[in-house]
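A.B. asks: Data: final.cif, mmCIF, C-alpha atoms.
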```cif
data_protein
loop_
_atom_site.label_atom_id
_atom_site.label_comp_id
_atom_site.auth_asym_id
_atom_site.auth_seq_id
_atom_site.Cartn_x
_atom_site.Cartn_y
_atom_site.Cartn_z
CA MET A 162 10.43 -174.89 -140.71
CA SER A 163 13.58 -176.94 -141.22
CA THR A 164 15.39 -179.53 -139.15
CA TYR A 165 18.68 -178.48 -137.59
CA ILE A 166 21.38 -180.46 -135.82
CA PHE A 167 23.25 -178.84 -132.94
CA ILE A 168 26.65 -180.22 -131.98
CA LEU A 169 26.78 -179.93 -128.20
CA GLY A 170 29.57 -178.42 -126.10
CA LYS A 171 31.73 -180.16 -123.52
CA GLU A 172 28.85 -180.27 -120.99
CA PRO A 173 26.09 -181.84 -123.13
CA GLU A 174 23.32 -181.65 -120.52
CA LEU A 175 24.01 -177.95 -120.01
CA SER A 176 23.97 -177.42 -123.78
CA LYS A 177 20.62 -179.21 -124.06
CA ALA A 178 19.17 -177.16 -121.20
CA GLU A 179 20.25 -173.96 -122.97
CA LEU A 180 18.43 -174.95 -126.17
CA ALA A 181 15.31 -175.95 -124.24
CA ALA A 182 15.26 -172.58 -122.46
CA ARG A 183 16.06 -170.51 -125.56
CA TYR A 184 13.36 -172.25 -127.63
CA PRO A 185 10.76 -173.27 -125.01
CA THR A 186 7.94 -173.99 -127.48
CA LEU A 187 10.03 -176.45 -129.51
CA LYS A 188 10.89 -180.06 -128.76
CA PHE A 189 13.96 -182.13 -129.49
CA LEU A 190 13.28 -184.48 -132.40
CA SER A 191 16.11 -186.65 -131.11
CA GLU A 192 18.80 -186.55 -128.46
CA ALA A 193 22.21 -188.20 -128.60
CA SER A 194 25.32 -187.81 -126.46
CA GLU A 195 26.95 -185.44 -128.96
CA PHE A 196 24.06 -183.76 -130.77
CA VAL A 197 20.35 -182.93 -130.80
CA MET A 198 17.89 -182.18 -133.60
CA MET A 199 15.20 -179.51 -133.58
CA LYS A 200 12.85 -177.88 -136.07
CA LEU A 201 13.49 -174.14 -136.39
CA SER A 202 12.49 -171.38 -138.78
CA ASP A 203 14.26 -171.39 -142.12
CA ASP A 204 16.07 -168.14 -141.39
CA PHE A 205 18.14 -169.54 -138.51
CA ASN A 206 21.60 -168.11 -139.10
CA GLN A 207 25.01 -167.29 -137.65
CA GLN A 208 23.71 -164.17 -135.91
CA GLU A 209 21.18 -166.18 -133.91
CA PHE A 210 23.75 -168.92 -133.28
CA ASN A 211 26.11 -166.31 -131.78
CA HIS A 212 23.67 -166.03 -128.86
CA LEU A 213 24.19 -169.69 -127.94
CA GLY A 214 27.18 -170.36 -125.70
CA GLY A 215 26.81 -174.13 -125.32
CA GLN A 216 26.71 -175.21 -128.96
CA ILE A 217 29.74 -175.84 -131.19
CA LYS A 218 28.09 -176.01 -134.61
CA ALA A 219 24.66 -176.01 -136.22
CA GLY A 220 23.77 -177.77 -139.44
CA LYS A 221 20.65 -177.78 -141.63
CA VAL A 222 19.56 -181.36 -142.35
CA PHE A 223 19.22 -182.27 -146.03
CA ALA A 224 18.93 -186.06 -145.90
CA LYS A 225 18.23 -189.11 -143.76
CA THR A 226 19.79 -192.28 -145.10
CA ASN A 227 21.63 -195.52 -144.44
CA LYS A 228 25.32 -196.33 -144.52
CA LYS A 229 25.20 -197.73 -148.04
CA GLU A 230 23.93 -194.45 -149.56
CA LEU A 231 26.11 -192.05 -147.57
CA ILE A 232 28.85 -191.39 -150.12
CA SER A 233 26.59 -190.92 -153.15
CA LEU A 234 24.19 -188.59 -151.28
CA ILE A 235 27.02 -186.43 -149.91
CA ALA A 236 28.60 -186.26 -153.36
CA ASP A 237 25.29 -185.25 -154.97
CA TYR A 238 24.78 -182.48 -152.43
CA LEU A 239 28.31 -181.07 -152.71
CA LEU A 240 28.13 -181.04 -156.51
CA ALA A 241 24.64 -179.47 -156.74
CA ASP A 242 25.96 -175.89 -156.76
CA HIS A 243 29.52 -176.57 -157.91
CA ASP A 244 30.43 -174.89 -161.19
CA SER A 245 34.10 -175.50 -161.91
CA GLY A 246 37.52 -175.68 -160.34
CA LYS A 247 38.57 -177.75 -157.34
CA LEU A 248 35.79 -178.75 -154.96
CA ASN A 249 36.68 -177.96 -151.34
CA TYR A 250 34.79 -179.61 -148.48
CA GLY A 251 35.07 -181.13 -145.02
CA LEU A 252 33.23 -183.82 -143.09
CA SER A 253 32.59 -184.30 -139.38
CA VAL A 254 31.01 -187.38 -137.83
CA HIS A 255 29.06 -187.52 -134.56
CA GLY A 256 27.42 -190.44 -132.81
CA TRP A 257 29.76 -192.62 -134.89
CA PRO A 258 33.46 -193.38 -134.23
CA GLU A 259 35.73 -190.80 -135.83
CA LYS A 260 37.75 -193.58 -137.47
CA ASN A 261 34.91 -193.90 -140.01
CA LEU A 262 36.00 -190.60 -141.54
CA ARG A 263 38.76 -192.39 -143.44
CA PHE A 264 36.21 -194.62 -145.16
CA LEU A 265 33.98 -191.65 -146.01
CA LEU A 266 36.69 -189.27 -147.17
CA LEU A 267 38.53 -191.77 -149.33
CA GLY A 268 35.22 -193.04 -150.70
CA LEU A 269 34.19 -189.51 -151.64
CA LYS A 270 37.55 -188.82 -153.25
CA LYS A 271 37.07 -191.90 -155.43
CA GLU A 272 33.47 -190.93 -156.23
CA PHE A 273 34.47 -187.44 -157.37
CA LYS A 274 37.28 -188.85 -159.50
CA THR A 275 34.80 -191.18 -161.17
CA ARG A 276 32.59 -188.15 -161.93
CA GLY A 277 35.56 -186.22 -163.31
CA VAL A 278 35.69 -183.65 -160.50
CA SER A 279 38.90 -182.47 -158.87
CA SER A 280 38.39 -182.34 -155.11
CA ARG A 281 40.15 -181.61 -151.83
CA PHE A 282 38.98 -182.43 -148.30
CA ALA A 283 40.07 -180.16 -145.45
CA ASN A 284 40.18 -182.86 -142.75
CA GLN A 285 43.65 -183.26 -141.30
CA ALA A 286 44.76 -186.78 -140.29
CA PHE A 287 41.18 -187.94 -140.93
CA LYS A 288 39.86 -186.00 -137.91
CA ASN A 289 36.70 -183.91 -137.55
CA ILE A 290 36.78 -180.30 -138.72
CA SER A 291 37.49 -177.93 -135.83
CA THR A 292 35.83 -174.51 -135.62
CA ALA A 293 39.17 -172.95 -136.59
CA GLN A 294 39.51 -175.24 -139.63
CA HIS A 295 35.94 -174.46 -140.72
CA LYS A 296 37.00 -170.86 -141.35
CA GLY A 297 39.63 -172.11 -143.79
CA LEU A 298 37.32 -174.05 -146.08
CA ALA A 299 37.80 -171.39 -148.76
CA GLY A 300 34.17 -171.24 -149.81
CA GLY A 301 33.66 -174.98 -149.45
CA LEU A 302 31.05 -176.71 -147.32
CA GLU A 303 31.27 -178.76 -144.17
CA ILE A 304 28.90 -181.70 -143.94
CA LEU A 305 27.85 -183.26 -140.64
CA VAL A 306 27.28 -187.02 -140.62
CA CYS A 307 25.30 -187.83 -137.48
CA LYS A 308 24.37 -191.39 -136.60
CA GLU A 309 21.36 -192.30 -134.46
CA LEU A 310 20.75 -196.03 -134.09
CA SER A 311 20.85 -197.34 -137.69
CA ASP A 312 19.98 -194.00 -139.32
CA PHE A 313 22.35 -191.35 -140.64
CA TYR A 314 21.41 -187.67 -140.84
CA LEU A 315 23.31 -185.40 -143.21
CA ALA A 316 23.44 -181.66 -142.59
CA GLU A 317 25.22 -178.65 -144.07
CA VAL A 318 26.96 -176.58 -141.39
CA VAL A 319 25.37 -173.12 -141.35
CA ALA A 320 26.91 -171.70 -138.14
CA VAL A 321 29.92 -172.31 -135.89
CA GLN A 322 31.20 -170.82 -132.65
CA ASP A 323 32.94 -167.51 -133.33
CA ILE A 324 36.12 -168.33 -131.42
CA ASP A 325 37.82 -165.09 -132.44
CA SER A 326 35.02 -162.97 -130.98
CA TYR A 327 34.97 -165.00 -127.76
CA SER A 328 38.73 -164.60 -127.42
CA LYS A 329 38.52 -160.85 -127.99
CA ARG A 330 35.78 -160.40 -125.39
CA ASP A 331 37.64 -162.56 -122.89
CA TYR A 332 41.23 -161.35 -123.27
CA LYS A 333 41.15 -157.93 -124.96
CA LYS A 334 38.77 -156.12 -122.61
CA PRO A 335 40.54 -153.42 -120.57
CA PHE A 336 39.77 -154.79 -117.08
CA ARG A 337 40.50 -158.34 -115.95
CA ASP A 338 40.95 -159.45 -112.35
CA MET A 339 41.93 -163.06 -111.69
CA LYS A 340 41.15 -162.64 -107.99
CA VAL A 341 37.39 -162.29 -108.52
CA GLY A 342 37.07 -165.26 -110.86
CA MET A 343 36.91 -165.33 -114.63
CA LEU A 344 33.45 -166.27 -115.88
CA PRO A 345 33.88 -167.58 -119.46
CA PRO A 346 31.76 -165.62 -121.99
CA LYS A 347 30.28 -168.88 -123.29
CA LEU A 348 29.06 -169.85 -119.82
CA ALA A 349 27.67 -166.35 -119.27
CA GLN A 350 25.62 -166.76 -122.47
CA ILE A 351 24.36 -170.16 -121.38
CA MET A 352 23.29 -168.82 -118.00
CA ILE A 353 21.47 -165.87 -119.56
CA ASN A 354 19.64 -168.23 -121.93
CA LEU A 355 18.71 -170.47 -119.01
CA THR A 356 16.66 -167.63 -117.51
CA GLY A 357 14.27 -167.95 -120.47
CA SER A 358 13.72 -164.21 -120.19
CA ASP A 359 13.59 -161.62 -122.96
CA GLY A 360 13.55 -158.76 -120.46
CA VAL A 361 15.87 -156.88 -118.13
CA ILE A 362 18.37 -158.98 -116.19
CA TRP A 363 20.02 -158.09 -112.87
CA ASP A 364 23.48 -159.40 -112.00
CA PRO A 365 23.93 -158.65 -108.26
CA PHE A 366 27.55 -159.91 -108.19
CA CYS A 367 28.67 -158.41 -111.49
CA GLY A 368 32.41 -158.21 -110.79
CA GLY A 369 34.22 -157.17 -113.97
CA GLY A 370 30.98 -157.31 -115.94
CA THR A 371 31.32 -160.41 -118.13
CA LEU A 372 27.68 -161.39 -117.74
CA ILE A 373 26.60 -157.77 -118.23
CA MET A 374 28.57 -157.62 -121.49
CA GLU A 375 27.18 -160.87 -122.85
CA GLY A 376 23.64 -159.85 -121.94
CA LEU A 377 24.01 -156.59 -123.84
CA LEU A 378 25.34 -158.45 -126.89
CA MET A 379 22.31 -160.76 -126.72
CA GLY A 380 19.90 -157.82 -126.82
CA HIS A 381 19.04 -157.47 -123.12
CA ASP A 382 18.97 -154.32 -121.07
CA MET A 383 21.17 -155.08 -118.06
CA ILE A 384 21.43 -154.05 -114.42
CA GLY A 385 24.64 -154.83 -112.56
CA SER A 386 25.80 -154.24 -109.02
CA ASP A 387 28.74 -155.16 -106.84
CA ILE A 388 29.87 -154.34 -103.31
CA ASN A 389 33.43 -153.60 -104.50
CA GLU A 390 33.48 -150.13 -106.08
CA LYS A 391 36.98 -150.61 -107.54
CA ILE A 392 35.86 -153.70 -109.44
CA LEU A 393 32.63 -151.95 -110.43
CA LYS A 394 34.75 -149.22 -112.02
CA GLY A 395 36.45 -151.95 -114.06
CA ALA A 396 33.06 -153.27 -115.15
CA LYS A 397 32.12 -149.81 -116.40
CA GLN A 398 35.38 -149.66 -118.39
CA ASN A 399 34.60 -153.04 -119.96
CA VAL A 400 31.08 -151.99 -120.92
CA GLU A 401 32.33 -148.79 -122.57
CA TRP A 402 34.92 -150.83 -124.47
CA LEU A 403 32.22 -153.29 -125.58
CA LYS A 404 30.00 -150.51 -126.88
CA LYS A 405 32.82 -149.15 -129.03
CA GLU A 406 34.15 -152.48 -130.28
CA PHE A 407 30.81 -154.24 -130.91
CA ASP A 408 28.41 -151.33 -131.51
CA VAL A 409 26.12 -152.37 -128.65
CA LYS A 410 22.97 -150.26 -128.18
CA GLY A 411 21.34 -151.77 -125.08
CA LYS A 412 20.82 -149.94 -121.80
CA VAL A 413 22.96 -150.72 -118.75
CA ASP A 414 22.76 -149.53 -115.14
CA LEU A 415 25.80 -150.27 -112.94
CA PHE A 416 25.87 -149.28 -109.27
CA ALA A 417 27.41 -150.21 -105.91
CA HIS A 418 25.25 -152.48 -103.77
CA ASP A 419 25.57 -155.12 -101.05
CA ALA A 420 23.67 -158.14 -102.39
CA THR A 421 22.89 -159.40 -98.89
CA ARG A 422 20.80 -156.30 -98.14
CA MET A 423 17.42 -155.17 -99.41
CA VAL A 424 16.82 -155.60 -103.15
CA PRO A 425 17.41 -152.23 -104.87
CA ASP A 426 14.46 -150.25 -106.15
CA LYS A 427 15.03 -151.25 -109.76
CA SER A 428 12.84 -152.98 -112.32
CA PHE A 429 14.11 -156.31 -113.65
CA ASP A 430 12.61 -159.53 -115.00
CA ALA A 431 15.28 -162.10 -114.14
CA VAL A 432 18.30 -162.54 -111.90
CA CYS A 433 21.46 -164.14 -113.26
CA PHE A 434 24.90 -164.24 -111.70
CA GLU A 435 28.05 -166.04 -110.77
CA GLY A 436 28.96 -164.89 -107.30
CA TYR A 437 32.02 -165.26 -105.14
CA LEU A 438 33.60 -168.70 -105.60
CA GLY A 439 35.73 -168.56 -102.47
CA PRO A 440 39.54 -168.25 -102.27
CA PRO A 441 41.63 -169.91 -105.01
CA GLN A 442 42.35 -173.58 -104.34
CA GLY A 443 45.94 -174.51 -105.16
CA GLN A 444 45.82 -178.17 -104.20
CA LEU A 445 43.45 -181.00 -103.41
CA LYS A 446 42.40 -180.76 -99.77
CA PRO A 447 40.39 -182.87 -97.34
CA LYS A 448 36.78 -181.76 -96.90
CA LYS A 449 37.28 -180.55 -93.32
CA GLU A 450 39.75 -177.85 -94.44
CA LEU A 451 37.01 -176.15 -96.45
CA ALA A 452 34.49 -175.96 -93.61
CA ASP A 453 35.05 -172.22 -93.02
CA VAL A 454 34.81 -171.44 -96.73
CA LEU A 455 31.56 -173.39 -97.03
CA GLY A 456 30.16 -171.60 -94.01
CA GLU A 457 31.05 -168.15 -95.39
CA LEU A 458 29.55 -168.87 -98.81
CA THR A 459 26.42 -170.45 -97.33
CA LYS A 460 25.74 -167.34 -95.26
CA LEU A 461 26.39 -164.99 -98.20
CA TYR A 462 23.97 -166.66 -100.59
CA TYR A 463 21.36 -167.45 -97.97
CA LEU A 464 21.14 -163.75 -97.10
CA PHE A 465 20.86 -162.86 -100.78
CA PHE A 466 17.94 -165.22 -101.32
CA ASP A 467 16.34 -163.93 -98.15
CA SER A 468 16.37 -160.43 -99.67
CA LEU A 469 14.68 -161.77 -102.83
CA LYS A 470 12.10 -163.52 -100.70
CA THR A 471 11.39 -160.29 -98.81
CA ALA A 472 10.97 -158.47 -102.13
CA ASP A 473 8.64 -161.28 -103.32
CA PHE A 474 10.56 -161.58 -106.60
CA LYS A 475 8.77 -164.12 -108.81
CA GLY A 476 11.08 -164.23 -111.83
CA PRO A 477 13.71 -166.83 -112.75
CA ILE A 478 16.98 -166.86 -110.79
CA VAL A 479 19.94 -168.53 -112.51
CA ILE A 480 23.08 -168.82 -110.42
CA GLY A 481 26.57 -170.25 -110.68
CA LEU A 482 27.64 -171.50 -107.24
CA PRO A 483 31.01 -173.06 -106.54
CA PHE A 484 31.51 -176.74 -105.93
CA PHE A 485 34.83 -178.08 -104.72
CA ARG A 486 36.84 -181.16 -105.60
CA VAL A 487 38.33 -182.59 -102.42
CA LYS A 488 40.10 -185.80 -101.49
CA GLU A 489 36.78 -187.40 -100.60
CA GLY A 490 35.14 -186.44 -103.91
CA GLU A 491 33.02 -183.32 -104.58
CA ILE A 492 31.25 -181.03 -102.12
CA PHE A 493 28.45 -178.58 -102.83
CA LEU A 494 26.68 -175.82 -100.90
CA ASN A 495 23.92 -178.28 -100.03
CA GLU A 496 23.04 -176.62 -96.72
CA MET A 497 22.42 -173.30 -98.45
CA ILE A 498 20.42 -174.93 -101.26
CA HIS A 499 18.28 -176.77 -98.72
CA GLY A 500 17.65 -173.52 -96.82
CA VAL A 501 16.66 -171.69 -100.00
CA ARG A 502 14.13 -174.41 -100.82
CA LEU A 503 12.69 -174.17 -97.32
CA MET A 504 12.13 -170.46 -98.02
CA GLY A 505 9.80 -171.51 -100.82
CA PHE A 506 12.10 -171.31 -103.84
CA LYS A 507 11.64 -174.20 -106.26
CA LYS A 508 14.75 -175.71 -107.84
CA GLU A 509 14.06 -176.07 -111.57
CA LEU A 510 17.52 -176.91 -112.86
CA ASP A 511 20.65 -178.52 -111.41
CA LEU A 512 23.76 -178.94 -113.61
CA LYS A 513 27.55 -178.67 -113.46
CA TYR A 514 30.25 -176.91 -115.47
CA ALA A 515 33.93 -177.68 -114.86
CA ARG A 516 37.15 -178.72 -116.52
CA GLN A 517 38.84 -181.94 -115.48
CA ASP A 518 41.83 -180.08 -114.02
CA GLN A 519 39.80 -177.56 -112.00
CA LEU A 520 39.52 -177.84 -108.21
CA VAL A 521 36.59 -175.40 -108.19
CA GLY A 522 33.71 -175.89 -110.62
CA ARG A 523 30.40 -174.15 -111.22
CA HIS A 524 27.15 -175.56 -109.92
CA ILE A 525 24.49 -174.09 -112.23
CA LEU A 526 21.00 -173.87 -110.72
CA ARG A 527 17.71 -172.19 -111.58
CA PHE A 528 15.24 -171.25 -108.87
CA ARG A 529 11.84 -169.60 -108.88
CA LEU A 530 9.68 -168.48 -105.96
#
```
Have the structure of the file written as structure tokens, please.
C.D. replies:
Amino acid sequence: MSTYIFILGKEPELSKAELAARYPTLKFLSEASEFVMMKLSDDFNQQEFNHLGGQIKAGKVFAKTNKKELISLIADYLLADHDSGKLNYGLSVHGWPEKNLRFLLLGLKKEFKTRGVSSRFANQAFKNISTAQHKGLAGGLEILVCKELSDFYLAEVVAVQDIDSYSKRDYKKPFRDMKVGMLPPKLAQIMINLTGSDGVIWDPFCGGGTLIMEGLLMGHDMIGSDINEKILKGAKQNVEWLKKEFDVKGKVDLFAHDATRMVPDKSFDAVCFEGYLGPPQGQLKPKKELADVLGELTKLYYLFFDSLKTADFKGPIVIGLPFFRVKEGEIFLNEMIHGVRLMGFKKELDLKYARQDQLVGRHILRFRL
């Protein structure tokens, strides 16, 4: 077992929840606003990291130290396997103001010169290394410098978000429909991980199939349904494209179904979906103008949970409900959530996912009967 640092995504609590669900037998060794540390098996690699949607980078810890020893320890580590030629590297700091990079980078440059080593750091304008810049390190290493209280943890980056693959899956798939919402692949991965299930997953509002696609890539057999047969046809096109482009082998069953009616006679271990988010919101409105939308969505999801209750489904249910930014603040489908809990469903998780400029965000919840 080795200690790893995970640099969290833009919604840190959601990123932490994903790790806790993906690795339920492990505990966080520490938690900070930007990163967490966990012990994992020594073979943790990029392939496993690709199944995590809420993490930006992962690094394998090689030292715990104080500020005074930082530069010498980083230099020793970078030179350990360096043979000849110019040494390429990058640094990123977390839990510590980014302005400290100047001190570290210039200090390292001086240290390497003293040791007679020609070096080049990849940091531009003394800023952290982005995932795109990491790809351009030309065989060099990126070192994470993570501060917790008075301690510093040093880690070699072993995995980063594959932004090119995410972009391809999001924008190059044959069917995209802005009218039915655009679930980001990263969020789909997070939601799938939040189920904690290794088995078959049913998406009863599959739309264009983003969650189905991500589930297949993560090794799940997937079941998807939607009331709109035209959109379902698009989902099938996307799945066929995925199989060709990414050599996916998992099983998938896509069919037309009204999610408010009886649960289909299919075998599945978890339910995971982002459903209808309501009509697009072009401007900030007062709460009263969304009363009809809230009523429609409340009825839709209440009927869906009623069907699960009737079927006595005991597995995890991870859902992305809409919440709305209005002039008075934020409003959620609280009436529906209250009704679902009265049915006997326990709420295990309650988090949010949204950009600052979005009028409609995602309310991520996990229920279990």
A.B. asks: Using all atoms listed in the file, pick whichever of A:Glu172, A:Glu375, A:Asp204, A:Glu272 has the shortest atom-to-atom distance to Ala236 of chain A.
C.D. replies: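 Among A:Glu172, A:Glu375, A:Asp204, A:Glu272, it is A:Glu272 that comes nearest to Ala236 of chain A.
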A.B. asks: List the residues matched by the PyMOL selection byres ((chain A and resi 354-368) around 6) in the displayed structure as a PyMOL selection string, ordered by chain and then by residue number.
C.D. replies: chain A and resi 179+182-183+351-353+369-370+381-387+392+420+429-434+436+477
A.B. asks: Now that the selection is made, can you save its residues with C-alpha atoms as a compact mmCIF listing (two decimals), in the frame of the given file?
C.D. replies:
```txt
# COMPACT_ATOMS: atom_id res chain seq x y z
CA GLU A 179 20.25 -173.96 -122.97
CA ALA A 182 15.26 -172.58 -122.46
CA ARG A 183 16.06 -170.51 -125.56
CA ILE A 351 24.36 -170.16 -121.38
CA MET A 352 23.29 -168.82 -118.00
CA ILE A 353 21.47 -165.87 -119.56
CA GLY A 369 34.22 -157.17 -113.97
CA GLY A 370 30.98 -157.31 -115.94
CA HIS A 381 19.04 -157.47 -123.12
CA ASP A 382 18.97 -154.32 -121.07
CA MET A 383 21.17 -155.08 -118.06
CA ILE A 384 21.43 -154.05 -114.42
CA GLY A 385 24.64 -154.83 -112.56
CA SER A 386 25.80 -154.24 -109.02
CA ASP A 387 28.74 -155.16 -106.84
CA ILE A 392 35.86 -153.70 -109.44
CA ALA A 420 23.67 -158.14 -102.39
CA PHE A 429 14.11 -156.31 -113.65
CA ASP A 430 12.61 -159.53 -115.00
CA ALA A 431 15.28 -162.10 -114.14
CA VAL A 432 18.30 -162.54 -111.90
CA CYS A 433 21.46 -164.14 -113.26
CA PHE A 434 24.90 -164.24 -111.70
CA GLY A 436 28.96 -164.89 -107.30
CA PRO A 477 13.71 -166.83 -112.75
```
A.B. asks: Would you please work out which residue, of A:Pro425, A:Asp408, A:Val521, A:Ala515, is nearest to Gln444 of chain A when using only C-alpha atoms?
C.D. replies: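 Of A:Pro425, A:Asp408, A:Val521, A:Ala515, the one nearest Gln444 of chain A, counting only C-alpha atoms, is A:Val521.
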A.B. asks: Smallest atom-to-atom distance to Ala283 of chain A: which of A:Ser311, A:Asn261, A:Ser428, A:Asn249, using all atoms listed in the file?
C.D. replies: A:Asn249
A.B. asks: Got a sec to check which residues sit within 12 Å of (11.7, -159.3, -103.3), counting all atoms listed in the file, and write them as JSON, numbers by chain?
C.D. replies: {"A": [422, 423, 424, 425, 426, 427, 428, 429, 430, 431, 432, 465, 466, 467, 468, 469, 470, 471, 472, 473, 474, 475, 476, 478, 529, 530]}
A.B. asks: Could you state which residues are captured by the PyMOL selection byres ((chain A and resi 331-335) around 9) in this file, as an mmCIF file with C-alpha atoms, keeping the file's coordinate frame?
C.D. replies:
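File produced: selection38.cif:
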```cif
data_model
loop_
_atom_site.group_PDB
_atom_site.id
_atom_site.type_symbol
_atom_site.label_atom_id
_atom_site.label_comp_id
_atom_site.auth_asym_id
_atom_site.auth_seq_id
_atom_site.Cartn_x
_atom_site.Cartn_y
_atom_site.Cartn_z
ATOM 1 C CA SER A 326 35.020 -162.970 -130.980
ATOM 2 C CA TYR A 327 34.970 -165.000 -127.760
ATOM 3 C CA SER A 328 38.730 -164.600 -127.420
ATOM 4 C CA LYS A 329 38.520 -160.850 -127.990
ATOM 5 C CA ARG A 330 35.780 -160.400 -125.390
ATOM 6 C CA PHE A 336 39.770 -154.790 -117.080
ATOM 7 C CA ARG A 337 40.500 -158.340 -115.950
ATOM 8 C CA MET A 343 36.910 -165.330 -114.630
ATOM 9 C CA LEU A 344 33.450 -166.270 -115.880
ATOM 10 C CA PRO A 345 33.880 -167.580 -119.460
ATOM 11 C CA PRO A 346 31.760 -165.620 -121.990
ATOM 12 C CA THR A 371 31.320 -160.410 -118.130
ATOM 13 C CA GLY A 395 36.450 -151.950 -114.060
ATOM 14 C CA GLN A 398 35.380 -149.660 -118.390
ATOM 15 C CA ASN A 399 34.600 -153.040 -119.960
ATOM 16 C CA VAL A 400 31.080 -151.990 -120.920
ATOM 17 C CA TRP A 402 34.920 -150.830 -124.470
ATOM 18 C CA LEU A 403 32.220 -153.290 -125.580
#
```
A.B. asks: In the coordinate frame of the file, compute which residues have an atom within 8 Å of (16.2, -182.2, -132.7) when using only C-alpha atoms, and state them as a PyMOL selection string.
C.D. replies: chain A and resi 164-167+188-192+197-200
A.B. asks: Which residues are close to Lys404 of chain A, i.e. within 10 Å by only C-alpha atoms, leaving aside same-chain residues fewer than 5 positions away? Reply as number ranges by chain.
C.D. replies: A: 374, 377-378, 399, 409-411
A.B. asks: From the set A:Ala349, A:Leu415, A:Leu298, A:Met504, which residue has the shortest atom-to-atom contact distance to Gly481 of chain A, counting only C-alpha atoms?
C.D. replies: A:Ala349
A.B. asks: Quick check, in Å to one decimal: how far apart do atom CA of Gln322 of chain A and atom CA of Glu509 of chain A lie?
C.D. replies: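 It comes out at 27.7 Å.
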A.B. asks: One decimal, Å: what's the distance from atom CA of His499 of chain A over to atom CA of Glu450 of chain A, could you say?
C.D. replies: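 Pair atom CA of His499 of chain A / atom CA of Glu450 of chain A returns 21.9 Å.
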A.B. asks: Counting only C-alpha atoms, figure out which residue out of A:Thr275, A:Ser194, A:Gln207, A:Ser280 gets nearest to Cys307 of chain A.
C.D. replies: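 Smallest separation from Cys307 of chain A among the options: A:Ser194.
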A.B. asks: To verify the selection step, state as a compact mmCIF listing (two decimals) with C-alpha atoms, keeping the file's coordinate frame which residues the PyMOL selection byres ((chain A and resi 169) around 9) yields on this input.
C.D. replies:
```txt
# COMPACT_ATOMS: atom_id res chain seq x y z
CA PHE A 167 23.25 -178.84 -132.94
CA ILE A 168 26.65 -180.22 -131.98
CA GLY A 170 29.57 -178.42 -126.10
CA LYS A 171 31.73 -180.16 -123.52
CA GLU A 172 28.85 -180.27 -120.99
CA PRO A 173 26.09 -181.84 -123.13
CA GLU A 174 23.32 -181.65 -120.52
CA LEU A 175 24.01 -177.95 -120.01
CA SER A 176 23.97 -177.42 -123.78
CA LYS A 177 20.62 -179.21 -124.06
CA SER A 194 25.32 -187.81 -126.46
CA GLU A 195 26.95 -185.44 -128.96
CA PHE A 196 24.06 -183.76 -130.77
CA VAL A 197 20.35 -182.93 -130.80
CA GLY A 215 26.81 -174.13 -125.32
CA GLN A 216 26.71 -175.21 -128.96
CA ILE A 217 29.74 -175.84 -131.19
CA LYS A 218 28.09 -176.01 -134.61
```
A.B. asks: State, in Å with one decimal place, the distance from atom CA of Gly443 of chain A to atom CA of Phe493 of chain A.
C.D. replies: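 Interatomic distance here is 18.1 Å.
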A.B. asks: Find the residue from A:Leu494, A:Ile235, A:Ala193, A:Leu438 that sits nearest to Leu315 of chain A; use only C-alpha atoms when measuring.
C.D. replies: A:Ile235
A.B. asks: Can you pull out every residue within 7 Å of Val501 of chain A, counting all atoms listed in the file, but drop anything in the same chain fewer than 4 positions away, and send it as a list in words?
C.D. replies: Tyr463, Phe466, Met497, Gly505 and Phe506 of chain A
A.B. asks: I need the residues from that last selection saved to file as a compact mmCIF listing (two decimals), in the coordinates of the input (with C-alpha atoms), if you can.
C.D. replies:
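So selection25.txt came out as:
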```
# COMPACT_ATOMS: atom_id res chain seq x y z
CA TYR A 463 21.36 -167.45 -97.97
CA PHE A 466 17.94 -165.22 -101.32
CA MET A 497 22.42 -173.30 -98.45
CA GLY A 505 9.80 -171.51 -100.82
CA PHE A 506 12.10 -171.31 -103.84
```
A.B. asks: If I only want segment 198-204 of chain A, can you write it with N, CA and C atoms, as a compact mmCIF listing (two decimals), in the first residue's frame?
C.D. replies:
```
# COMPACT_ATOMS: atom_id res chain seq x y z
N MET A 198 -5.85 12.68 1.08
CA MET A 198 -4.85 11.62 1.00
C MET A 198 -5.48 10.30 1.40
N MET A 199 -5.11 9.25 0.67
CA MET A 199 -5.62 7.91 0.95
C MET A 199 -4.51 6.90 0.71
N LYS A 200 -4.59 5.75 1.38
CA LYS A 200 -3.70 4.63 1.08
C LYS A 200 -4.38 3.72 0.07
N LEU A 201 -3.69 3.43 -1.02
CA LEU A 201 -4.21 2.56 -2.07
C LEU A 201 -3.14 1.55 -2.45
N SER A 202 -3.55 0.54 -3.22
CA SER A 202 -2.58 -0.46 -3.66
C SER A 202 -1.53 0.19 -4.56
N ASP A 203 -0.35 -0.41 -4.58
CA ASP A 203 0.77 0.18 -5.31
C ASP A 203 0.56 0.24 -6.82
N ASP A 204 -0.40 -0.51 -7.34
CA ASP A 204 -0.60 -0.53 -8.79
C ASP A 204 -1.66 0.47 -9.25
```
